[in-house]
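The data block below is final15.txt; it holds compact mmCIF, C-alpha atoms and all ligand atoms.
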# COMPACT_ATOMS: atom_id res chain seq x y z
CA MET J 1 28.91 15.74 0.41
CA LYS J 2 26.33 15.69 -2.36
CA LYS J 3 26.48 12.35 -4.07
CA LYS J 4 26.52 12.03 -7.80
CA LYS J 5 23.58 9.97 -8.98
CA TRP J 6 25.77 7.22 -10.35
CA MET J 7 27.32 6.64 -6.95
CA SER J 8 24.05 5.16 -5.70
CA LEU J 9 24.48 2.49 -8.33
CA LEU J 10 27.90 1.41 -7.16
CA ALA J 11 28.46 -1.57 -4.97
CA THR J 12 28.61 -0.79 -1.26
CA GLY J 13 32.34 -1.27 -1.05
CA PHE J 14 32.85 1.44 -3.61
CA VAL J 15 30.39 3.81 -1.98
CA ALA J 16 32.55 4.18 1.11
CA PHE J 17 35.46 5.11 -1.13
CA THR J 18 33.53 7.58 -3.26
CA LEU J 19 31.91 9.22 -0.25
CA ALA J 20 35.33 9.79 1.25
CA ALA J 21 36.57 11.07 -2.09
CA CYS J 22 33.92 13.79 -2.26
CA GLY J 23 33.86 14.49 1.46
CA ASN J 24 34.93 18.04 0.87
CA ASN J 25 32.43 18.84 -1.82
CA ASP J 26 30.40 21.88 -0.94
CA ALA J 27 30.16 23.27 -4.43
CA ALA J 28 26.86 24.41 -5.87
CA ALA J 29 24.51 21.71 -7.10
CA THR J 30 24.98 20.77 -10.70
CA ASP J 31 22.78 18.52 -12.82
CA GLY J 32 22.90 15.01 -11.48
CA ASP J 33 23.63 15.91 -7.90
CA VAL J 34 21.58 14.22 -5.21
CA TYR J 35 21.35 15.81 -1.79
CA VAL J 36 21.40 13.41 1.13
CA ILE J 37 18.88 14.48 3.77
CA GLY J 38 18.70 13.06 7.28
CA THR J 39 15.48 12.80 9.25
CA ASP J 40 13.98 11.32 12.41
CA THR J 41 12.40 7.86 12.70
CA THR J 42 9.19 8.35 14.74
CA PHE J 43 8.04 11.95 14.91
CA ALA J 44 4.45 12.06 13.73
CA PRO J 45 2.97 14.00 12.03
CA PHE J 46 6.34 15.23 10.69
CA GLU J 47 7.89 11.86 9.81
CA PHE J 48 6.50 8.44 10.67
CA GLU J 49 5.44 5.13 9.26
CA ASN J 50 1.72 5.13 8.49
CA ASP J 51 -0.64 2.13 8.73
CA GLU J 52 0.32 1.11 5.20
CA GLY J 53 3.96 0.96 6.21
CA GLU J 54 4.85 4.06 4.19
CA PHE J 55 7.22 6.64 5.59
CA VAL J 56 5.22 9.88 5.44
CA GLY J 57 4.74 13.23 7.18
CA ILE J 58 4.70 17.01 6.94
CA ASP J 59 8.52 17.28 6.76
CA LEU J 60 8.74 14.69 4.00
CA ASP J 61 5.88 16.14 1.95
CA LEU J 62 7.35 19.62 2.26
CA LEU J 63 10.81 18.43 1.27
CA ASP J 64 9.42 16.52 -1.69
CA ALA J 65 7.28 19.42 -2.93
CA ILE J 66 10.18 21.86 -2.47
CA ALA J 67 12.58 19.55 -4.34
CA LYS J 68 10.12 19.25 -7.24
CA ASP J 69 9.51 23.00 -7.27
CA GLN J 70 13.26 23.77 -7.21
CA GLY J 71 14.33 20.92 -9.46
CA PHE J 72 16.71 19.05 -7.17
CA GLU J 73 16.92 15.42 -6.18
CA TYR J 74 17.47 14.00 -2.75
CA GLU J 75 17.91 10.77 -0.92
CA LEU J 76 16.28 10.42 2.48
CA ARG J 77 17.95 8.78 5.51
CA SER J 78 15.70 7.99 8.46
CA LEU J 79 18.31 8.03 11.21
CA GLY J 80 16.72 9.38 14.38
CA PHE J 81 16.99 12.97 15.57
CA ASN J 82 20.34 12.95 17.35
CA ALA J 83 21.85 10.60 14.78
CA ALA J 84 20.72 12.87 11.94
CA VAL J 85 22.32 15.90 13.57
CA THR J 86 25.50 13.91 14.24
CA ALA J 87 25.53 12.79 10.59
CA LEU J 88 25.16 16.41 9.52
CA GLU J 89 28.17 17.42 11.61
CA ALA J 90 30.16 14.50 10.21
CA ASN J 91 29.33 15.63 6.65
CA GLN J 92 27.46 12.36 6.00
CA VAL J 93 24.26 14.19 5.13
CA ASP J 94 23.80 17.57 3.45
CA GLY J 95 20.80 18.66 5.47
CA VAL J 96 18.39 17.67 8.23
CA ILE J 97 14.61 17.97 8.21
CA ALA J 98 13.27 16.54 11.46
CA GLY J 99 10.98 19.01 13.18
CA MET J 100 14.23 20.65 14.20
CA SER J 101 13.79 23.73 16.33
CA ILE J 102 15.65 26.89 15.43
CA ASN J 103 17.33 28.40 18.47
CA GLU J 104 20.22 30.74 19.18
CA GLU J 105 22.66 28.02 20.18
CA ARG J 106 22.01 25.95 17.06
CA GLU J 107 22.17 28.99 14.82
CA LYS J 108 25.84 29.32 15.75
CA LYS J 109 26.53 25.94 14.12
CA TYR J 110 23.87 25.53 11.46
CA ASP J 111 22.22 27.51 8.70
CA PHE J 112 18.46 27.17 9.02
CA SER J 113 15.82 27.73 6.40
CA ASP J 114 12.95 30.09 7.01
CA PRO J 115 10.66 28.73 9.73
CA TYR J 116 7.91 26.37 8.58
CA TYR J 117 6.11 25.32 11.78
CA GLU J 118 5.78 26.58 15.36
CA SER J 119 5.99 24.37 18.40
CA THR J 120 6.34 24.26 22.18
CA VAL J 121 7.33 21.40 24.49
CA GLY J 122 4.59 19.42 26.24
CA VAL J 123 4.90 17.21 29.33
CA ALA J 124 2.87 14.03 28.93
CA VAL J 125 1.84 11.57 31.65
CA LYS J 126 -0.55 8.64 32.00
CA PRO J 127 -4.04 9.98 32.75
CA ASP J 128 -4.39 7.72 35.81
CA SER J 129 -0.96 8.54 37.23
CA GLY J 130 -2.15 11.13 39.73
CA ILE J 131 0.32 13.62 38.23
CA ALA J 132 -1.62 16.77 37.44
CA ALA J 133 1.09 19.42 37.33
CA ILE J 134 4.83 19.64 36.70
CA GLU J 135 5.34 20.10 40.47
CA ASP J 136 4.05 16.54 40.98
CA LEU J 137 7.14 15.20 39.17
CA SER J 138 9.25 15.83 42.29
CA GLY J 139 11.36 12.76 43.11
CA LYS J 140 10.30 11.00 39.90
CA GLN J 141 12.07 9.97 36.70
CA VAL J 142 11.12 11.59 33.40
CA VAL J 143 12.17 10.45 29.95
CA VAL J 144 13.55 12.69 27.20
CA LYS J 145 14.99 12.26 23.72
CA THR J 146 18.74 12.92 23.43
CA GLY J 147 19.76 16.21 21.86
CA THR J 148 16.28 17.68 21.57
CA THR J 149 14.85 20.96 22.77
CA GLY J 150 12.48 18.83 24.91
CA ALA J 151 15.51 17.41 26.72
CA GLU J 152 16.97 20.89 26.99
CA TYR J 153 13.75 22.23 28.55
CA ALA J 154 13.63 19.31 31.00
CA GLU J 155 17.29 19.95 31.94
CA SER J 156 16.51 23.62 32.56
CA VAL J 157 13.71 22.90 35.08
CA LYS J 158 14.78 19.58 36.61
CA ASP J 159 16.41 21.11 39.70
CA GLU J 160 13.50 23.46 40.25
CA TYR J 161 11.00 20.58 40.25
CA GLY J 162 13.33 17.88 41.55
CA PHE J 163 13.05 15.15 38.93
CA GLU J 164 15.64 12.87 37.33
CA LEU J 165 16.23 12.49 33.59
CA LYS J 166 16.46 9.37 31.50
CA TYR J 167 17.66 9.71 27.90
CA VAL J 168 16.45 7.61 24.95
CA GLU J 169 17.10 7.94 21.23
CA ASP J 170 13.63 7.96 19.70
CA SER J 171 10.12 9.11 20.47
CA ALA J 172 8.53 5.64 20.28
CA THR J 173 10.80 4.40 23.08
CA MET J 174 10.08 7.54 25.06
CA TYR J 175 6.29 7.06 24.90
CA GLN J 176 6.65 3.39 25.77
CA ASP J 177 8.66 4.24 28.86
CA VAL J 178 5.77 6.33 30.18
CA LEU J 179 3.01 3.92 29.09
CA THR J 180 4.67 1.06 30.96
CA GLY J 181 5.05 3.24 34.06
CA ASN J 182 8.83 3.15 33.98
CA SER J 183 9.08 6.94 33.69
CA ALA J 184 6.47 9.32 35.11
CA ALA J 185 6.51 11.75 32.17
CA ALA J 186 7.88 12.40 28.70
CA PHE J 187 9.00 15.78 27.37
CA GLU J 188 7.99 15.92 23.72
CA ASP J 189 7.15 18.60 21.15
CA TYR J 190 3.56 19.63 21.78
CA PRO J 191 2.09 19.06 18.28
CA VAL J 192 3.76 15.65 18.16
CA ILE J 193 2.45 14.37 21.48
CA GLN J 194 -0.99 15.84 20.70
CA TYR J 195 -1.02 13.96 17.41
CA GLU J 196 -0.27 10.68 19.19
CA ILE J 197 -2.98 11.36 21.78
CA ALA J 198 -5.49 12.16 19.02
CA ARG J 199 -4.60 8.81 17.45
CA GLY J 200 -5.42 7.01 20.69
CA MET J 201 -2.26 6.96 22.78
CA GLU J 202 -3.26 6.94 26.44
CA LEU J 203 -1.35 9.99 27.60
CA THR J 204 -2.35 13.47 28.63
CA VAL J 205 -0.43 16.75 28.55
CA ILE J 206 -0.17 18.42 31.96
CA HIS J 207 2.28 21.21 31.15
CA GLU J 208 3.49 23.25 28.18
CA SER J 209 6.80 25.14 28.01
CA PRO J 210 6.34 28.89 28.26
CA GLU J 211 8.51 29.50 25.23
CA GLY J 212 8.04 28.09 21.75
CA SER J 213 10.31 27.69 18.77
CA ASN J 214 10.07 27.34 15.02
CA TYR J 215 11.06 24.34 12.96
CA GLY J 216 13.58 24.85 10.18
CA PHE J 217 15.54 22.79 7.68
CA ALA J 218 19.20 22.71 8.80
CA THR J 219 22.57 22.53 7.04
CA MET J 220 26.09 23.07 8.36
CA LYS J 221 26.94 26.75 8.60
CA GLY J 222 28.21 28.18 5.33
CA LYS J 223 28.37 24.78 3.61
CA GLN J 224 25.08 24.56 1.72
CA THR J 225 23.94 28.11 1.20
CA ASP J 226 22.46 27.31 -2.21
CA LEU J 227 20.44 24.40 -0.79
CA VAL J 228 19.03 26.64 1.96
CA GLU J 229 18.17 29.25 -0.69
CA LYS J 230 16.38 26.63 -2.77
CA PHE J 231 14.51 25.39 0.29
CA ASN J 232 13.39 28.93 1.13
CA ALA J 233 12.38 29.71 -2.45
CA GLY J 234 10.41 26.45 -2.68
CA LEU J 235 8.79 26.99 0.72
CA LYS J 236 7.67 30.45 -0.35
CA ASN J 237 6.19 29.08 -3.57
CA LEU J 238 4.32 26.40 -1.59
CA ARG J 239 2.94 29.01 0.77
CA ASP J 240 1.86 31.22 -2.16
CA SER J 241 0.21 28.37 -4.06
CA GLY J 242 -1.69 27.04 -1.04
CA ASP J 243 0.19 23.72 -1.21
CA TYR J 244 1.81 24.37 2.17
CA ASP J 245 -1.67 24.56 3.76
CA LYS J 246 -2.74 21.43 1.89
CA ILE J 247 0.20 19.49 3.29
CA ILE J 248 -0.52 20.66 6.84
CA ASP J 249 -4.21 19.78 6.34
CA THR J 250 -3.36 16.29 5.13
CA TYR J 251 -2.02 15.49 8.58
CA LEU J 252 -3.65 18.02 10.91
CA GLY J 253 -6.96 18.85 9.21
CA GLU J 254 -10.24 18.44 11.17
N1 LIG U 1 11.95 20.09 17.93
C1 LIG U 1 12.81 19.32 18.75
C2 LIG U 1 14.25 19.70 18.52
O1 LIG U 1 14.58 20.35 17.61
C3 LIG U 1 12.62 17.82 18.55
C4 LIG U 1 12.94 17.32 17.19
C5 LIG U 1 12.79 15.82 17.06
O2 LIG U 1 12.73 15.11 18.06
N2 LIG U 1 12.73 15.31 15.85
O3 LIG U 1 15.10 19.34 19.26
If you took the structure in this file and wrote it as structure tokens, what would it be?
Amino acid sequence: MKKKKWMSLLATGFVAFTLAACGNNDAAATDGDVYVIGTDTTFAPFEFENDEGEFVGIDLDLLDAIAKDQGFEYELRSLGFNAAVTALEANQVDGVIAGMSINEEREKKYDFSDPYYESTVGVAVKPDSGIAAIEDLSGKQVVVKTGTTGAEYAESVKDEYGFELKYVEDSATMYQDVLTGNSAAAFEDYPVIQYEIARGMELTVIHESPEGSNYGFATMKGKQTDLVEKFNAGLKNLRDSGDYDKIIDTYLGE
């Protein structure tokens, strides 16, 4: 579904038509092609709006550096995690970069790039909530983000610990639900919740999932092999040049 550059210039009414017209385009990128990449809304430090109102983060800096290194253009769509994955499956975006964990189930449907960051799931509560361990969540409601590995982990242990799940679409809403005391805990990727806590959010992590996963850039299986190859080649170059470390340091240094 790569859009030709000129399509962006067309009036909206025409865009719908042209998008439909090239809905089956999975040919290799040629000059002038623009990949459409879906991402999350609030998922700091991977993608988020900074104090200056700019949309920044590790995922976006990596994508940008890789695109420059590999000579391709892209258009970013900040959709939310589940919406980005849905858009990928509907062929409305060519790829997703959203701190998306590589796992066996997803690998059946998507082609992932090489891993670029490792994560676990953390369980965050209000420090004054009296909840000190995952066992204390018995009989309580916890909040998760639809379609994520955090939700999946919560689903896998909910009967064991006896808590109920509430689903929301974005991380900001999830944090808010715990801060207001509506839900007792949020299940969020560990580096993401730690980043929020370091920036002053009044939450504390009381539990970490035993198993971790790696983040990868995702495309539909077999549809964008050349884009995945470019991503991997660019990622390797960034690692070799030290630029990968610089990007990580920009957000997680100190
Ligand atoms: N890493 C998690 C997943 O892949 C969460 C991603 C996200 O919320 N952006 O499901």
Proximity check chain J to ligand LIG 1 (chain U), 10 Å, nearest pairs one decimal Å, only C-alpha atoms and all ligand atoms, as JSON lines:
{"residue": "J:Thr39", "atom": "CA", "partner": "U:LIG1", "partner_atom": "N2", "distance": 7.6}
{"residue": "J:Asp40", "atom": "CA", "partner": "U:LIG1", "partner_atom": "N2", "distance": 5.4}
{"residue": "J:Thr41", "atom": "CA", "partner": "U:LIG1", "partner_atom": "N2", "distance": 8.1}
{"residue": "J:Thr42", "atom": "CA", "partner": "U:LIG1", "partner_atom": "N2", "distance": 7.9}
{"residue": "J:Phe43", "atom": "CA", "partner": "U:LIG1", "partner_atom": "N2", "distance": 5.8}
{"residue": "J:Ala44", "atom": "CA", "partner": "U:LIG1", "partner_atom": "N2", "distance": 9.1}
{"residue": "J:Phe46", "atom": "CA", "partner": "U:LIG1", "partner_atom": "N2", "distance": 8.2}
{"residue": "J:Glu47", "atom": "CA", "partner": "U:LIG1", "partner_atom": "N2", "distance": 8.5}
{"residue": "J:Gly80", "atom": "CA", "partner": "U:LIG1", "partner_atom": "N2", "distance": 7.3}
{"residue": "J:Phe81", "atom": "CA", "partner": "U:LIG1", "partner_atom": "N2", "distance": 4.9}
{"residue": "J:Asn82", "atom": "CA", "partner": "U:LIG1", "partner_atom": "O2", "distance": 7.9}
{"residue": "J:Ala84", "atom": "CA", "partner": "U:LIG1", "partner_atom": "N2", "distance": 9.2}
{"residue": "J:Val85", "atom": "CA", "partner": "U:LIG1", "partner_atom": "O1", "distance": 9.8}
{"residue": "J:Val96", "atom": "CA", "partner": "U:LIG1", "partner_atom": "N2", "distance": 9.8}
{"residue": "J:Ile97", "atom": "CA", "partner": "U:LIG1", "partner_atom": "N2", "distance": 8.3}
{"residue": "J:Ala98", "atom": "CA", "partner": "U:LIG1", "partner_atom": "N2", "distance": 4.6}
{"residue": "J:Gly99", "atom": "CA", "partner": "U:LIG1", "partner_atom": "C4", "distance": 4.8}
{"residue": "J:Met100", "atom": "CA", "partner": "U:LIG1", "partner_atom": "O1", "distance": 3.4}
{"residue": "J:Ser101", "atom": "CA", "partner": "U:LIG1", "partner_atom": "O1", "distance": 3.7}
{"residue": "J:Ile102", "atom": "CA", "partner": "U:LIG1", "partner_atom": "O1", "distance": 7.0}
{"residue": "J:Asn103", "atom": "CA", "partner": "U:LIG1", "partner_atom": "O1", "distance": 8.6}
{"residue": "J:Arg106", "atom": "CA", "partner": "U:LIG1", "partner_atom": "O1", "distance": 9.3}
{"residue": "J:Tyr117", "atom": "CA", "partner": "U:LIG1", "partner_atom": "N1", "distance": 10.0}
{"residue": "J:Glu118", "atom": "CA", "partner": "U:LIG1", "partner_atom": "N1", "distance": 9.3}
{"residue": "J:Ser119", "atom": "CA", "partner": "U:LIG1", "partner_atom": "N1", "distance": 7.4}
{"residue": "J:Thr120", "atom": "CA", "partner": "U:LIG1", "partner_atom": "N1", "distance": 8.2}
{"residue": "J:Val121", "atom": "CA", "partner": "U:LIG1", "partner_atom": "N1", "distance": 8.1}
{"residue": "J:Val144", "atom": "CA", "partner": "U:LIG1", "partner_atom": "O2", "distance": 9.5}
{"residue": "J:Lys145", "atom": "CA", "partner": "U:LIG1", "partner_atom": "O2", "distance": 6.7}
{"residue": "J:Thr146", "atom": "CA", "partner": "U:LIG1", "partner_atom": "O2", "distance": 8.4}
{"residue": "J:Gly147", "atom": "CA", "partner": "U:LIG1", "partner_atom": "O3", "distance": 6.2}
{"residue": "J:Thr148", "atom": "CA", "partner": "U:LIG1", "partner_atom": "O3", "distance": 3.1}
{"residue": "J:Thr149", "atom": "CA", "partner": "U:LIG1", "partner_atom": "O3", "distance": 3.9}
{"residue": "J:Gly150", "atom": "CA", "partner": "U:LIG1", "partner_atom": "C1", "distance": 6.2}
{"residue": "J:Ala151", "atom": "CA", "partner": "U:LIG1", "partner_atom": "O3", "distance": 7.7}
{"residue": "J:Glu152", "atom": "CA", "partner": "U:LIG1", "partner_atom": "O3", "distance": 8.1}
{"residue": "J:Tyr153", "atom": "CA", "partner": "U:LIG1", "partner_atom": "O3", "distance": 9.8}
{"residue": "J:Glu169", "atom": "CA", "partner": "U:LIG1", "partner_atom": "O2", "distance": 9.0}
{"residue": "J:Asp170", "atom": "CA", "partner": "U:LIG1", "partner_atom": "O2", "distance": 7.4}
{"residue": "J:Ser171", "atom": "CA", "partner": "U:LIG1", "partner_atom": "O2", "distance": 7.0}
{"residue": "J:Phe187", "atom": "CA", "partner": "U:LIG1", "partner_atom": "C3", "distance": 9.7}
{"residue": "J:Glu188", "atom": "CA", "partner": "U:LIG1", "partner_atom": "C3", "distance": 7.2}
{"residue": "J:Asp189", "atom": "CA", "partner": "U:LIG1", "partner_atom": "N1", "distance": 6.0}
{"residue": "J:Tyr190", "atom": "CA", "partner": "U:LIG1", "partner_atom": "N1", "distance": 9.2}
{"residue": "J:Pro191", "atom": "CA", "partner": "U:LIG1", "partner_atom": "N1", "distance": 9.9}
{"residue": "J:Val192", "atom": "CA", "partner": "U:LIG1", "partner_atom": "O2", "distance": 9.0}
{"residue": "J:Gly212", "atom": "CA", "partner": "U:LIG1", "partner_atom": "N1", "distance": 9.7}
{"residue": "J:Ser213", "atom": "CA", "partner": "U:LIG1", "partner_atom": "N1", "distance": 7.8}
{"residue": "J:Asn214", "atom": "CA", "partner": "U:LIG1", "partner_atom": "N1", "distance": 8.0}
{"residue": "J:Tyr215", "atom": "CA", "partner": "U:LIG1", "partner_atom": "N1", "distance": 6.6}
{"residue": "J:Gly216", "atom": "CA", "partner": "U:LIG1", "partner_atom": "O1", "distance": 8.7}
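The interatomic distance for the pair atom CA of J:Lys109 and atom CA of J:Tyr167 works out to 23.1 Å.
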Å distance separating atom CA of J:Ser78 from atom CA of J:Leu165, one decimal place: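 Result for atom CA of J:Ser78 versus atom CA of J:Leu165: 25.5 Å, one decimal.
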Shell around stretch 224-232 of chain J at 12 Å using only C-alpha atoms, local window under 6 positions removed, as number ranges by chain: J: 1-2, 24-30, 33-37, 59, 62-74, 88, 91, 93-97, 110-116, 216-218, 238-239
Emit as AutoDock Vina command-line options the padded axis-aligned box for all listed atoms of stretch 224-240 of chain J, 6 Å per side, with centre and edge lengths in Å to one decimal.
--center_x 13.5 --center_y 27.8 --center_z -0.8 --size_x 35.2 --size_y 18.8 --size_z 17.5
d(atom CA of J:Asp159, atom CA of J:Glu208) in Å: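 Taking atom CA of J:Asp159 and atom CA of J:Glu208, their separation equals 17.4 Å.
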Counting all atoms listed in the file, the option among J:Gln92, J:Asn50, J:Gln141, J:Thr204 closest to J:Thr219: J:Gln92
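Closest approach to J:Gln194 among J:Met220, J:Lys158, J:Val178, J:Ile206 is made by J:Ile206 (distances from all atoms listed in the file).
Every polymer residue reaching to within 12 Å of (-3.3, 19.7, 9.4), counting only C-alpha atoms, appears in this list: Ala44, Pro45, Phe46, Gly57, Ile58, Tyr117, Pro191, Val192, Tyr195, Asp243, Tyr244, Asp245, Lys246, Ile247, Ile248, Asp249, Thr250, Tyr251, Leu252, Gly253 and Glu254 of chain J.
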Of the listed residues J:Ala185, J:Val168, J:Leu179, J:Ala90, that which approaches J:Asp136 most closely, counting only C-alpha atoms: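 Among the listed residues, J:Ala185 lies closest to J:Asp136.
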Selection as an NGL selection string: residues within 12 Å of (-2.4, 7.8, 35.4), counting all atoms listed in the file: :J and (124-132 or 178-181 or 183-185 or 202-206)
Given all atoms listed in the file as the counted atoms, nearest of J:Ser241, J:Leu79, J:Gly122, J:Asp177 to J:Glu211: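 Of J:Ser241, J:Leu79, J:Gly122, J:Asp177, the one nearest J:Glu211 is J:Gly122, counting all atoms listed in the file.
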Counting all atoms listed in the file, the option among J:Val142, J:Asp240, J:Leu235, J:Arg199 closest to J:Asp51: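 Among J:Val142, J:Asp240, J:Leu235, J:Arg199, it is J:Arg199 that comes nearest to J:Asp51.
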